[in-house]
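Asks: What follows is a single structure, and I will ask about it in a moment.
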Amino acid sequence: MAVGEFNHFSAIADALRPALAEIVNETADVLVGAIQEQIRSNGQVKTGAMVDGIHKEDGVDELSKNIMSAVDYWVYQNYGTRYIPARPFVEPGIERTRPEFEEKLAHIESRLPH
């Protein structure tokens, strides 16, 4: 016969949301840097407005962040037009950030209270 309380699922569930929010926030910072680095490596820095304008904003809740650009023309640089070729920086930045994000998720238990 089991002695004591062993069902800690509600405590674990309560601790997951803040731990995930921390990972999302950290990953958004890393993603901003990765996108900026890709813009530089693509040679897309003329005035610096596009690279310096990449930033994160809060999303609809603590588990989401929006990566934004201060300039409207980022979409033409990233995806191209019929006049200029695409020089992607968003998708490569995401792919460069993905392994670190997945690693943090794989070790989320280290962020939970003991």
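Scheme for the structure tokens: letters A, B, ... for chains in order shown; per-chain residue numbers from 1; ligand numbers from 1 in order shown.
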List the neighbours of A:Met50 out to 9 Å using only C-alpha atoms; skip same-chain residues closer than 3 positions along the sequence, and give me the result as a list in words.
Replies: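 Non-adjacent residues within range: Gln36, Ile39, Gln44, Val45, Lys46, Thr47, Gly53, Ile54, Ser69, Ala70, Val71, Asp72, Tyr73 and Trp74 of chain A.
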Asks: Chain A: which residues are strand (DSSP E or B) by DSSP, as a list in words?
Replies: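 Selecting the strand (DSSP E or B) positions of chain A gives His55, Lys56, Glu57, Asp58, Lys65, Asn66, Ile67 and Met68 of chain A.
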Asks: Can you build me a table of stretch 18-89 of chain A residues sitting at most 8 Å from stretch 96-99 of chain A, with the closest atom pair per residue and its distance in Å to one decimal, using only C-alpha atoms, sorted by chain and residue number, as a Markdown table?
Replies:
| residue | atom | partner | partner_atom | distance |
| --- | --- | --- | --- | --- |
| A:Thr27 | CA | A:Thr97 | CA | 7.3 |
| A:Val30 | CA | A:Thr97 | CA | 6.7 |
| A:Leu31 | CA | A:Thr97 | CA | 5.8 |
| A:Ala34 | CA | A:Arg96 | CA | 6.9 |
Asks: Let's have the selection written as a PDB file, in the first residue's frame, with C-alpha atoms.
Replies:
ATOM      1  CA  THR A  27      14.460  31.775 -27.934  1.00  0.00           C
ATOM      2  CA  VAL A  30      18.252  34.283 -29.978  1.00  0.00           C
ATOM      3  CA  LEU A  31      16.050  34.377 -33.084  1.00  0.00           C
ATOM      4  CA  ALA A  34      20.088  34.961 -35.842  1.00  0.00           C
TER       5      ALA A  34
END
Asks: What does the distance from atom CA of A:Asn78 to atom CA of A:Ile94 come to in Å, to one decimal?
Replies: 13.0 Å
Asks: In chain A, what's alpha helix (DSSP H) per DSSP? Answer as an NGL selection string?
Replies: :A and (9-41 or 49-52 or 74-79 or 90-106)
Asks: Deliver the residues from the most recent selection as a file, using C-alpha atoms, as a CSV table (one decimal), in the first residue's frame.
Replies:
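This is the output file out-v8.csv:
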chain,number,residue,atom,x,y,z
A,9,PHE,CA,0.4,16.5,-11.7
A,10,SER,CA,-1.3,19.8,-10.9
A,11,ALA,CA,1.9,21.2,-9.4
A,12,ILE,CA,3.9,20.1,-12.4
A,13,ALA,CA,1.3,21.6,-14.8
A,14,ASP,CA,1.4,24.9,-12.8
A,15,ALA,CA,5.2,25.0,-13.1
A,16,LEU,CA,5.3,24.2,-16.8
A,17,ARG,CA,3.8,27.4,-18.1
A,18,PRO,CA,6.4,29.8,-16.5
A,19,ALA,CA,9.2,27.5,-17.6
A,20,LEU,CA,7.9,27.4,-21.2
A,21,ALA,CA,7.4,31.2,-21.2
A,22,GLU,CA,11.1,31.6,-20.1
A,23,ILE,CA,12.2,29.3,-23.0
A,24,VAL,CA,10.0,31.2,-25.5
A,25,ASN,CA,11.4,34.6,-24.4
A,26,GLU,CA,15.0,33.4,-24.5
A,27,THR,CA,14.5,31.8,-27.9
A,28,ALA,CA,12.9,35.0,-29.3
A,29,ASP,CA,16.0,36.9,-28.3
A,30,VAL,CA,18.3,34.3,-30.0
A,31,LEU,CA,16.1,34.4,-33.1
A,32,VAL,CA,16.3,38.2,-33.4
A,33,GLY,CA,20.1,37.8,-33.3
A,34,ALA,CA,20.1,35.0,-35.8
A,35,ILE,CA,17.9,36.9,-38.3
A,36,GLN,CA,20.2,40.0,-37.9
A,37,GLU,CA,23.2,37.9,-38.5
A,38,GLN,CA,21.7,36.4,-41.6
A,39,ILE,CA,20.8,39.8,-43.0
A,40,ARG,CA,24.5,40.8,-42.5
A,41,SER,CA,25.8,37.7,-44.1
A,49,ALA,CA,17.5,50.2,-40.7
A,50,MET,CA,16.4,46.7,-41.6
A,51,VAL,CA,18.9,44.9,-39.5
A,52,ASP,CA,18.5,47.2,-36.5
A,74,TRP,CA,11.8,43.4,-45.3
A,75,VAL,CA,9.3,41.2,-47.1
A,76,TYR,CA,10.7,42.1,-50.5
A,77,GLN,CA,14.3,41.5,-49.4
A,78,ASN,CA,13.4,38.2,-47.8
A,79,TYR,CA,11.0,36.8,-50.5
A,90,VAL,CA,13.8,34.9,-41.7
A,91,GLU,CA,13.6,31.2,-42.5
A,92,PRO,CA,17.4,30.6,-42.2
A,93,GLY,CA,17.3,32.5,-38.9
A,94,ILE,CA,14.5,30.2,-37.6
A,95,GLU,CA,16.4,27.1,-38.7
A,96,ARG,CA,19.6,28.2,-37.1
A,97,THR,CA,17.6,28.8,-33.8
A,98,ARG,CA,15.6,25.6,-33.9
A,99,PRO,CA,18.3,23.2,-32.4
A,100,GLU,CA,18.8,25.4,-29.3
A,101,PHE,CA,15.1,25.7,-28.8
A,102,GLU,CA,14.6,22.0,-29.0
A,103,GLU,CA,17.5,21.4,-26.6
A,104,LYS,CA,15.9,23.7,-24.1
A,105,LEU,CA,12.6,21.9,-24.4
A,106,ALA,CA,14.3,18.6,-24.0
Asks: Please compute the atom CA of A:Lys65-atom CA of A:Arg111 distance, one decimal, in Å.
Replies: 19.7 Å
Asks: What does the distance from atom CA of A:Gly48 to atom CA of A:Pro88 come to in Å, to one decimal?
Replies: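 Atom CA of A:Pro88 lies at a distance of 16.7 Å from atom CA of A:Gly48.
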